[in-house]
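A.B. asks: Compact mmCIF, N, CA and C atoms, saved as model_32.txt, coming up:
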```txt
# COMPACT_ATOMS: atom_id res chain seq x y z
N MET H 168 -10.17 -183.40 -227.87
CA MET H 168 -8.79 -183.59 -228.22
C MET H 168 -8.13 -184.48 -227.17
N VAL H 169 -7.40 -185.47 -227.61
CA VAL H 169 -6.76 -186.43 -226.73
C VAL H 169 -5.41 -185.88 -226.29
N MET H 170 -5.15 -185.94 -224.98
CA MET H 170 -3.89 -185.46 -224.43
C MET H 170 -2.86 -186.58 -224.53
N ARG H 171 -1.74 -186.29 -225.11
CA ARG H 171 -0.69 -187.29 -225.25
C ARG H 171 0.28 -187.18 -224.09
N ARG H 172 1.07 -188.25 -223.88
CA ARG H 172 2.02 -188.27 -222.77
C ARG H 172 3.04 -187.15 -222.86
N GLN H 173 3.49 -186.84 -224.03
CA GLN H 173 4.49 -185.79 -224.15
C GLN H 173 3.90 -184.43 -223.79
N HIS H 174 2.58 -184.22 -224.03
CA HIS H 174 1.94 -182.97 -223.64
C HIS H 174 1.81 -182.88 -222.12
N VAL H 175 1.51 -184.00 -221.48
CA VAL H 175 1.40 -184.03 -220.02
C VAL H 175 2.75 -183.72 -219.39
N GLY H 176 3.79 -184.34 -219.89
CA GLY H 176 5.13 -184.09 -219.37
C GLY H 176 5.57 -182.65 -219.59
N GLU H 177 5.25 -182.13 -220.76
CA GLU H 177 5.61 -180.75 -221.07
C GLU H 177 4.86 -179.78 -220.15
N ASN H 178 3.58 -180.05 -219.93
CA ASN H 178 2.79 -179.20 -219.03
C ASN H 178 3.31 -179.27 -217.61
N LEU H 179 3.72 -180.45 -217.16
CA LEU H 179 4.26 -180.60 -215.81
C LEU H 179 5.57 -179.82 -215.66
N LEU H 180 6.44 -179.90 -216.65
CA LEU H 180 7.69 -179.13 -216.60
C LEU H 180 7.43 -177.63 -216.60
N LEU H 181 6.46 -177.19 -217.39
CA LEU H 181 6.10 -175.78 -217.44
C LEU H 181 5.56 -175.31 -216.09
N ALA H 182 4.73 -176.14 -215.45
CA ALA H 182 4.17 -175.79 -214.14
C ALA H 182 5.27 -175.70 -213.09
N LEU H 183 6.20 -176.66 -213.07
CA LEU H 183 7.30 -176.63 -212.11
C LEU H 183 8.21 -175.42 -212.34
N ASP H 184 8.43 -175.07 -213.59
CA ASP H 184 9.26 -173.91 -213.91
C ASP H 184 8.57 -172.62 -213.43
N THR H 185 7.26 -172.54 -213.59
CA THR H 185 6.51 -171.37 -213.11
C THR H 185 6.57 -171.27 -211.60
N LEU H 186 6.44 -172.40 -210.90
CA LEU H 186 6.53 -172.40 -209.44
C LEU H 186 7.92 -171.95 -208.99
N ARG H 187 8.95 -172.41 -209.69
CA ARG H 187 10.32 -172.06 -209.33
C ARG H 187 10.58 -170.57 -209.61
N THR H 188 10.01 -170.05 -210.66
CA THR H 188 10.21 -168.65 -211.03
C THR H 188 9.49 -167.70 -210.07
N HIS H 189 8.27 -168.05 -209.68
CA HIS H 189 7.44 -167.19 -208.82
C HIS H 189 7.30 -167.83 -207.43
N LYS H 190 8.39 -167.86 -206.68
CA LYS H 190 8.40 -168.53 -205.38
C LYS H 190 7.46 -167.87 -204.38
N PHE H 191 7.48 -166.55 -204.31
CA PHE H 191 6.64 -165.87 -203.33
C PHE H 191 5.16 -166.06 -203.64
N ARG H 192 4.79 -165.96 -204.92
CA ARG H 192 3.40 -166.18 -205.32
C ARG H 192 2.97 -167.61 -205.00
N SER H 193 3.87 -168.56 -205.24
CA SER H 193 3.58 -169.96 -204.93
C SER H 193 3.39 -170.16 -203.43
N PHE H 194 4.26 -169.50 -202.64
CA PHE H 194 4.14 -169.59 -201.18
C PHE H 194 2.80 -169.03 -200.71
N LEU H 195 2.41 -167.87 -201.23
CA LEU H 195 1.14 -167.26 -200.82
C LEU H 195 -0.05 -168.14 -201.23
N THR H 196 0.02 -168.73 -202.40
CA THR H 196 -1.05 -169.63 -202.84
C THR H 196 -1.16 -170.83 -201.92
N LEU H 197 -0.02 -171.43 -201.60
CA LEU H 197 -0.01 -172.58 -200.70
C LEU H 197 -0.52 -172.19 -199.32
N LEU H 198 -0.09 -171.02 -198.83
CA LEU H 198 -0.56 -170.54 -197.53
C LEU H 198 -2.07 -170.33 -197.54
N GLY H 199 -2.60 -169.76 -198.60
CA GLY H 199 -4.05 -169.55 -198.71
C GLY H 199 -4.82 -170.86 -198.70
N VAL H 200 -4.30 -171.84 -199.41
CA VAL H 200 -4.95 -173.16 -199.43
C VAL H 200 -4.93 -173.78 -198.04
N LEU H 201 -3.78 -173.69 -197.34
CA LEU H 201 -3.69 -174.25 -195.99
C LEU H 201 -4.63 -173.55 -195.02
N ILE H 202 -4.67 -172.22 -195.07
CA ILE H 202 -5.56 -171.47 -194.17
C ILE H 202 -7.02 -171.79 -194.47
N GLY H 203 -7.36 -171.84 -195.74
CA GLY H 203 -8.74 -172.16 -196.12
C GLY H 203 -9.16 -173.55 -195.68
N THR H 204 -8.30 -174.52 -195.89
CA THR H 204 -8.59 -175.90 -195.49
C THR H 204 -8.72 -176.01 -193.97
N THR H 205 -7.80 -175.36 -193.25
CA THR H 205 -7.85 -175.38 -191.78
C THR H 205 -9.13 -174.74 -191.27
N THR H 206 -9.53 -173.63 -191.88
CA THR H 206 -10.76 -172.95 -191.47
C THR H 206 -11.98 -173.82 -191.69
N VAL H 207 -12.06 -174.45 -192.84
CA VAL H 207 -13.20 -175.33 -193.13
C VAL H 207 -13.26 -176.49 -192.13
N ILE H 208 -12.12 -177.09 -191.84
CA ILE H 208 -12.09 -178.20 -190.88
C ILE H 208 -12.48 -177.72 -189.49
N ALA H 209 -11.98 -176.55 -189.07
CA ALA H 209 -12.31 -176.01 -187.74
C ALA H 209 -13.79 -175.70 -187.62
N VAL H 210 -14.37 -175.06 -188.61
CA VAL H 210 -15.80 -174.73 -188.57
C VAL H 210 -16.64 -176.00 -188.56
N ALA H 211 -16.28 -176.97 -189.38
CA ALA H 211 -17.02 -178.23 -189.40
C ALA H 211 -16.92 -178.94 -188.05
N SER H 212 -15.76 -178.89 -187.41
CA SER H 212 -15.60 -179.52 -186.10
C SER H 212 -16.44 -178.83 -185.04
N ILE H 213 -16.46 -177.50 -185.07
CA ILE H 213 -17.27 -176.75 -184.10
C ILE H 213 -18.75 -177.05 -184.29
N ILE H 214 -19.21 -177.06 -185.52
CA ILE H 214 -20.63 -177.35 -185.79
C ILE H 214 -20.98 -178.76 -185.35
N THR H 215 -20.11 -179.71 -185.62
CA THR H 215 -20.35 -181.09 -185.19
C THR H 215 -20.40 -181.19 -183.68
N GLY H 216 -19.50 -180.50 -182.99
CA GLY H 216 -19.50 -180.51 -181.52
C GLY H 216 -20.75 -179.89 -180.95
N LEU H 217 -21.20 -178.76 -181.50
CA LEU H 217 -22.43 -178.13 -181.02
C LEU H 217 -23.64 -179.01 -181.28
N ASP H 218 -23.66 -179.64 -182.44
CA ASP H 218 -24.76 -180.54 -182.76
C ASP H 218 -24.81 -181.70 -181.77
N GLN H 219 -23.66 -182.27 -181.47
CA GLN H 219 -23.60 -183.39 -180.52
C GLN H 219 -24.01 -182.94 -179.13
N GLN H 220 -23.61 -181.73 -178.74
CA GLN H 220 -23.99 -181.21 -177.43
C GLN H 220 -25.51 -181.04 -177.34
N LEU H 221 -26.13 -180.56 -178.41
CA LEU H 221 -27.58 -180.40 -178.44
C LEU H 221 -28.28 -181.76 -178.36
N VAL H 222 -27.77 -182.74 -179.07
CA VAL H 222 -28.34 -184.08 -179.03
C VAL H 222 -28.20 -184.68 -177.63
N ASP H 223 -27.03 -184.52 -177.02
CA ASP H 223 -26.82 -185.03 -175.66
C ASP H 223 -27.77 -184.39 -174.67
N MET H 224 -27.99 -183.07 -174.80
CA MET H 224 -28.89 -182.38 -173.89
C MET H 224 -30.33 -182.87 -174.08
N ALA H 225 -30.74 -183.06 -175.32
CA ALA H 225 -32.09 -183.55 -175.58
C ALA H 225 -32.26 -184.96 -175.04
N GLU H 226 -31.24 -185.79 -175.17
CA GLU H 226 -31.32 -187.15 -174.63
C GLU H 226 -31.34 -187.15 -173.11
N GLN H 227 -30.63 -186.21 -172.50
CA GLN H 227 -30.60 -186.13 -171.04
C GLN H 227 -31.97 -185.76 -170.49
N TRP H 228 -32.61 -184.77 -171.09
CA TRP H 228 -33.91 -184.34 -170.59
C TRP H 228 -35.04 -185.25 -171.08
N GLY H 229 -34.87 -185.86 -172.20
CA GLY H 229 -35.91 -186.71 -172.75
C GLY H 229 -36.83 -185.92 -173.66
N THR H 230 -37.73 -186.64 -174.30
CA THR H 230 -38.63 -185.99 -175.25
C THR H 230 -39.98 -185.65 -174.64
N ARG H 231 -40.15 -185.97 -173.37
CA ARG H 231 -41.45 -185.73 -172.75
C ARG H 231 -41.40 -184.58 -171.75
N LEU H 232 -40.46 -183.68 -171.92
CA LEU H 232 -40.28 -182.56 -171.00
C LEU H 232 -40.77 -181.28 -171.66
N LEU H 233 -41.49 -180.49 -170.92
CA LEU H 233 -42.01 -179.22 -171.42
C LEU H 233 -41.66 -178.13 -170.42
N TRP H 234 -41.00 -177.09 -170.90
CA TRP H 234 -40.65 -175.94 -170.07
C TRP H 234 -41.67 -174.84 -170.34
N VAL H 235 -42.13 -174.18 -169.29
CA VAL H 235 -43.08 -173.07 -169.43
C VAL H 235 -42.47 -171.85 -168.77
N TYR H 236 -42.43 -170.74 -169.50
CA TYR H 236 -41.86 -169.49 -169.00
C TYR H 236 -42.90 -168.38 -169.10
N LYS H 237 -42.72 -167.38 -168.28
CA LYS H 237 -43.59 -166.20 -168.35
C LYS H 237 -43.35 -165.45 -169.66
N LEU H 238 -42.10 -165.33 -170.04
CA LEU H 238 -41.73 -164.58 -171.23
C LEU H 238 -41.02 -165.47 -172.23
N GLN H 239 -41.01 -165.03 -173.46
CA GLN H 239 -40.26 -165.75 -174.49
C GLN H 239 -38.78 -165.62 -174.17
N LEU H 240 -38.05 -166.70 -174.34
CA LEU H 240 -36.62 -166.66 -174.07
C LEU H 240 -35.93 -165.78 -175.11
N GLY H 241 -34.95 -165.06 -174.68
CA GLY H 241 -34.22 -164.18 -175.58
C GLY H 241 -33.91 -162.87 -174.91
N THR H 242 -33.82 -161.83 -175.70
CA THR H 242 -33.45 -160.52 -175.16
C THR H 242 -34.62 -159.88 -174.44
N PRO H 243 -34.46 -159.49 -173.17
CA PRO H 243 -35.56 -158.94 -172.40
C PRO H 243 -35.89 -157.49 -172.73
N HIS H 244 -35.04 -156.78 -173.46
CA HIS H 244 -35.31 -155.37 -173.72
C HIS H 244 -36.21 -155.16 -174.93
N ARG H 245 -36.66 -156.22 -175.56
CA ARG H 245 -37.56 -156.09 -176.71
C ARG H 245 -38.97 -156.57 -176.38
N LEU H 246 -39.40 -156.36 -175.17
CA LEU H 246 -40.70 -156.84 -174.75
C LEU H 246 -41.79 -155.86 -175.18
N THR H 247 -42.92 -156.41 -175.59
CA THR H 247 -44.07 -155.57 -175.88
C THR H 247 -44.73 -155.18 -174.57
N ARG H 248 -45.65 -154.23 -174.65
CA ARG H 248 -46.35 -153.79 -173.43
C ARG H 248 -47.11 -154.95 -172.81
N GLU H 249 -47.74 -155.76 -173.67
CA GLU H 249 -48.49 -156.92 -173.18
C GLU H 249 -47.58 -157.90 -172.43
N GLU H 250 -46.40 -158.13 -172.97
CA GLU H 250 -45.46 -159.05 -172.31
C GLU H 250 -44.97 -158.50 -170.98
N ARG H 251 -44.71 -157.20 -170.92
CA ARG H 251 -44.24 -156.61 -169.67
C ARG H 251 -45.30 -156.67 -168.58
N LEU H 252 -46.58 -156.63 -168.96
CA LEU H 252 -47.67 -156.61 -167.98
C LEU H 252 -48.17 -158.00 -167.60
N ARG H 253 -47.61 -159.04 -168.16
CA ARG H 253 -48.03 -160.40 -167.80
C ARG H 253 -47.76 -160.66 -166.33
N LYS H 254 -48.70 -161.36 -165.72
CA LYS H 254 -48.51 -161.76 -164.33
C LYS H 254 -47.48 -162.89 -164.28
N PRO H 255 -46.67 -162.93 -163.23
CA PRO H 255 -45.70 -164.03 -163.14
C PRO H 255 -46.40 -165.36 -162.90
N LEU H 256 -45.78 -166.43 -163.36
CA LEU H 256 -46.31 -167.77 -163.10
C LEU H 256 -46.14 -168.08 -161.62
N THR H 257 -47.11 -168.76 -161.06
CA THR H 257 -47.08 -169.05 -159.62
C THR H 257 -47.12 -170.56 -159.39
N PHE H 258 -46.93 -170.93 -158.14
CA PHE H 258 -47.03 -172.33 -157.76
C PHE H 258 -48.44 -172.85 -158.01
N GLU H 259 -49.43 -171.98 -157.85
CA GLU H 259 -50.82 -172.37 -158.12
C GLU H 259 -51.02 -172.69 -159.60
N ASP H 260 -50.32 -171.97 -160.48
CA ASP H 260 -50.40 -172.28 -161.91
C ASP H 260 -49.87 -173.69 -162.18
N ALA H 261 -48.78 -174.05 -161.52
CA ALA H 261 -48.23 -175.40 -161.68
C ALA H 261 -49.20 -176.44 -161.16
N ARG H 262 -49.81 -176.15 -160.04
CA ARG H 262 -50.80 -177.08 -159.48
C ARG H 262 -51.99 -177.23 -160.43
N ALA H 263 -52.43 -176.12 -161.04
CA ALA H 263 -53.55 -176.18 -161.98
C ALA H 263 -53.18 -177.00 -163.21
N ILE H 264 -51.96 -176.87 -163.69
CA ILE H 264 -51.53 -177.67 -164.84
C ILE H 264 -51.57 -179.15 -164.48
N LYS H 265 -51.10 -179.48 -163.29
CA LYS H 265 -51.10 -180.88 -162.83
C LYS H 265 -52.51 -181.44 -162.76
N GLU H 266 -53.45 -180.63 -162.25
CA GLU H 266 -54.83 -181.10 -162.07
C GLU H 266 -55.61 -181.12 -163.38
N GLU H 267 -55.40 -180.13 -164.23
CA GLU H 267 -56.22 -179.98 -165.43
C GLU H 267 -55.65 -180.66 -166.68
N CYS H 268 -54.41 -181.07 -166.63
CA CYS H 268 -53.77 -181.69 -167.80
C CYS H 268 -53.42 -183.13 -167.46
N PRO H 269 -54.27 -184.08 -167.85
CA PRO H 269 -54.01 -185.48 -167.50
C PRO H 269 -52.75 -186.04 -168.17
N ALA H 270 -52.30 -185.44 -169.25
CA ALA H 270 -51.09 -185.94 -169.92
C ALA H 270 -49.83 -185.62 -169.13
N ALA H 271 -49.92 -184.65 -168.23
CA ALA H 271 -48.74 -184.27 -167.42
C ALA H 271 -48.61 -185.24 -166.26
N GLU H 272 -47.59 -186.10 -166.32
CA GLU H 272 -47.37 -187.06 -165.24
C GLU H 272 -46.87 -186.36 -163.99
N THR H 273 -45.96 -185.43 -164.16
CA THR H 273 -45.36 -184.71 -163.05
C THR H 273 -45.19 -183.26 -163.43
N VAL H 274 -45.37 -182.38 -162.47
CA VAL H 274 -45.14 -180.95 -162.68
C VAL H 274 -44.15 -180.50 -161.62
N ALA H 275 -43.09 -179.87 -162.04
CA ALA H 275 -42.09 -179.35 -161.11
C ALA H 275 -41.96 -177.85 -161.33
N VAL H 276 -41.66 -177.14 -160.28
CA VAL H 276 -41.54 -175.69 -160.34
C VAL H 276 -40.09 -175.31 -160.05
N ALA H 277 -39.56 -174.42 -160.85
CA ALA H 277 -38.23 -173.85 -160.59
C ALA H 277 -38.37 -172.34 -160.61
N ILE H 278 -37.86 -171.69 -159.59
CA ILE H 278 -37.97 -170.23 -159.49
C ILE H 278 -36.58 -169.63 -159.70
N PHE H 279 -36.50 -168.75 -160.67
CA PHE H 279 -35.25 -168.06 -160.97
C PHE H 279 -35.36 -166.61 -160.50
N ARG H 280 -34.24 -165.96 -160.37
CA ARG H 280 -34.26 -164.54 -160.03
C ARG H 280 -34.93 -163.77 -161.16
N GLN H 281 -35.64 -162.71 -160.81
CA GLN H 281 -36.29 -161.86 -161.79
C GLN H 281 -35.28 -160.89 -162.39
N LEU H 282 -35.43 -160.60 -163.66
CA LEU H 282 -34.58 -159.61 -164.29
C LEU H 282 -35.00 -158.23 -163.81
N GLY H 283 -34.03 -157.39 -163.59
CA GLY H 283 -34.30 -156.02 -163.17
C GLY H 283 -34.53 -155.13 -164.37
N GLU H 284 -34.46 -153.83 -164.14
CA GLU H 284 -34.65 -152.86 -165.20
C GLU H 284 -33.54 -153.00 -166.24
N PHE H 285 -33.87 -152.85 -167.49
CA PHE H 285 -32.94 -152.96 -168.62
C PHE H 285 -32.34 -154.36 -168.74
N GLY H 286 -33.01 -155.37 -168.22
CA GLY H 286 -32.56 -156.74 -168.39
C GLY H 286 -31.39 -157.14 -167.52
N GLN H 287 -31.04 -156.34 -166.53
CA GLN H 287 -29.91 -156.68 -165.67
C GLN H 287 -30.41 -157.35 -164.40
N LEU H 288 -29.68 -158.31 -163.93
CA LEU H 288 -30.03 -158.97 -162.69
C LEU H 288 -29.59 -158.12 -161.51
N PRO H 289 -30.46 -157.97 -160.51
CA PRO H 289 -30.03 -157.23 -159.33
C PRO H 289 -28.96 -158.02 -158.59
N PRO H 290 -27.98 -157.34 -158.00
CA PRO H 290 -26.92 -158.06 -157.29
C PRO H 290 -27.45 -158.78 -156.07
N ILE H 291 -26.95 -159.97 -155.83
CA ILE H 291 -27.37 -160.77 -154.68
C ILE H 291 -26.12 -161.17 -153.91
N THR H 292 -26.20 -161.07 -152.60
CA THR H 292 -25.11 -161.53 -151.75
C THR H 292 -25.61 -162.72 -150.95
N ALA H 293 -24.95 -163.85 -151.09
CA ALA H 293 -25.30 -165.04 -150.30
C ALA H 293 -24.33 -165.10 -149.12
N ARG H 294 -24.87 -165.37 -147.94
CA ARG H 294 -24.03 -165.43 -146.74
C ARG H 294 -24.22 -166.78 -146.08
N TYR H 295 -23.10 -167.44 -145.76
CA TYR H 295 -23.14 -168.72 -145.07
C TYR H 295 -21.96 -168.77 -144.11
N LYS H 296 -22.25 -168.96 -142.84
CA LYS H 296 -21.24 -169.04 -141.78
C LYS H 296 -20.24 -167.88 -141.83
N GLY H 297 -20.77 -166.69 -142.01
CA GLY H 297 -19.94 -165.50 -142.00
C GLY H 297 -19.20 -165.22 -143.29
N GLN H 298 -19.32 -166.08 -144.29
CA GLN H 298 -18.66 -165.88 -145.58
C GLN H 298 -19.67 -165.31 -146.57
N ASP H 299 -19.30 -164.22 -147.25
CA ASP H 299 -20.16 -163.61 -148.24
C ASP H 299 -19.72 -164.01 -149.65
N MET H 300 -20.71 -164.24 -150.49
CA MET H 300 -20.44 -164.52 -151.90
C MET H 300 -21.26 -163.53 -152.71
N LEU H 301 -20.59 -162.69 -153.47
CA LEU H 301 -21.28 -161.67 -154.24
C LEU H 301 -21.82 -162.24 -155.54
N ASP H 302 -22.97 -161.71 -155.94
CA ASP H 302 -23.63 -162.09 -157.19
C ASP H 302 -23.81 -163.60 -157.32
N ALA H 303 -24.41 -164.19 -156.30
CA ALA H 303 -24.65 -165.63 -156.29
C ALA H 303 -25.78 -165.99 -157.24
N GLU H 304 -25.70 -167.15 -157.83
CA GLU H 304 -26.78 -167.67 -158.65
C GLU H 304 -27.66 -168.53 -157.76
N LEU H 305 -28.93 -168.19 -157.68
CA LEU H 305 -29.85 -168.92 -156.83
C LEU H 305 -30.91 -169.59 -157.68
N LEU H 306 -31.30 -170.80 -157.29
CA LEU H 306 -32.34 -171.54 -158.00
C LEU H 306 -33.12 -172.32 -156.97
N GLY H 307 -34.42 -172.10 -156.96
CA GLY H 307 -35.28 -172.84 -156.05
C GLY H 307 -36.13 -173.81 -156.85
N VAL H 308 -36.29 -175.03 -156.35
CA VAL H 308 -37.06 -176.05 -157.06
C VAL H 308 -37.96 -176.79 -156.09
N THR H 309 -38.94 -177.50 -156.64
CA THR H 309 -39.80 -178.35 -155.82
C THR H 309 -39.09 -179.68 -155.58
N PRO H 310 -39.52 -180.45 -154.59
CA PRO H 310 -38.84 -181.71 -154.28
C PRO H 310 -38.84 -182.73 -155.41
N ASN H 311 -39.83 -182.70 -156.28
CA ASN H 311 -39.89 -183.72 -157.33
C ASN H 311 -39.15 -183.25 -158.56
```
Would you mind writing the file's structure down as structure tokens?
C.D. replies:
Amino acid sequence: MVMRRQHVGENLLLALDTLRTHKFRSFLTLLGVLIGTTTVIAVASIITGLDQQLVDMAEQWGTRLLWVYKLQLGTPHRLTREERLRKPLTFEDARAIKEECPAAETVAVAIFRQLGEFGQLPPITARYKGQDMLDAELLGVTPN
């Protein structure tokens, strides 16, 4: 069925009359549309920002970097017995990787604090020239 101009005009007048009659309902509808649109834009912006941050981090480290950990990254309280009994990685392990893996151009070691019981880090106090800093973050690395 073909819509004629007079039907379009009549429908427009009917719609405006309904909006004028039900002002509060119209306001709530408009508010819902604005909130929904704002939410979609905000979520899309956050996802785009996180994606860009991940890309920037990958570009910073490069594609030829490999991290090796004793345990799988994530929550430490879900470890199996086998995972809990694993020996820690040592400097000798890094040296063995360097010697036995010809594809590894360079091997660097970084030592982080060990997690304590229940996945909590033990408190550390760093002292320098008589000043104490509680719960310091420490990281040791090799020169290269």
A.B. asks: Have a look at CA of Ile214 in chain H and CA of Glu226 in chain H and let me know their distance in Å, one decimal.
C.D. replies: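 Atom-to-atom, CA of Ile214 in chain H and CA of Glu226 in chain H are spaced 18.3 Å apart.
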A.B. asks: Box along x, y and z, 8 Å on every side, all listed atoms of range 292-298 of chain H inside: centre and edge lengths in Å to one decimal, as lines of an AutoDock Vina configuration file.
C.D. replies:
```
center_x = -22.4
center_y = -165.1
center_z = -147.2
size_x = 23.5
size_y = 24.0
size_z = 26.8
```
A.B. asks: Give me, please, the distance in Å between atom C of Ala270 in chain H and atom C of Gln220 in chain H, quoted to one decimal.
C.D. replies: 26.1 Å
A.B. asks: Could you please determine the separation between CA of Leu180 in chain H and CA of Arg192 in chain H in Å, to one decimal place?
C.D. replies: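 It comes out at 17.7 Å.
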A.B. asks: Within 8 Å of (-44.6, -164.2, -171.9) in the file's own coordinates, which protein, DNA or RNA residues have an atom, counting only N, CA and C atoms? List them as a count of residues only.
C.D. replies: 10
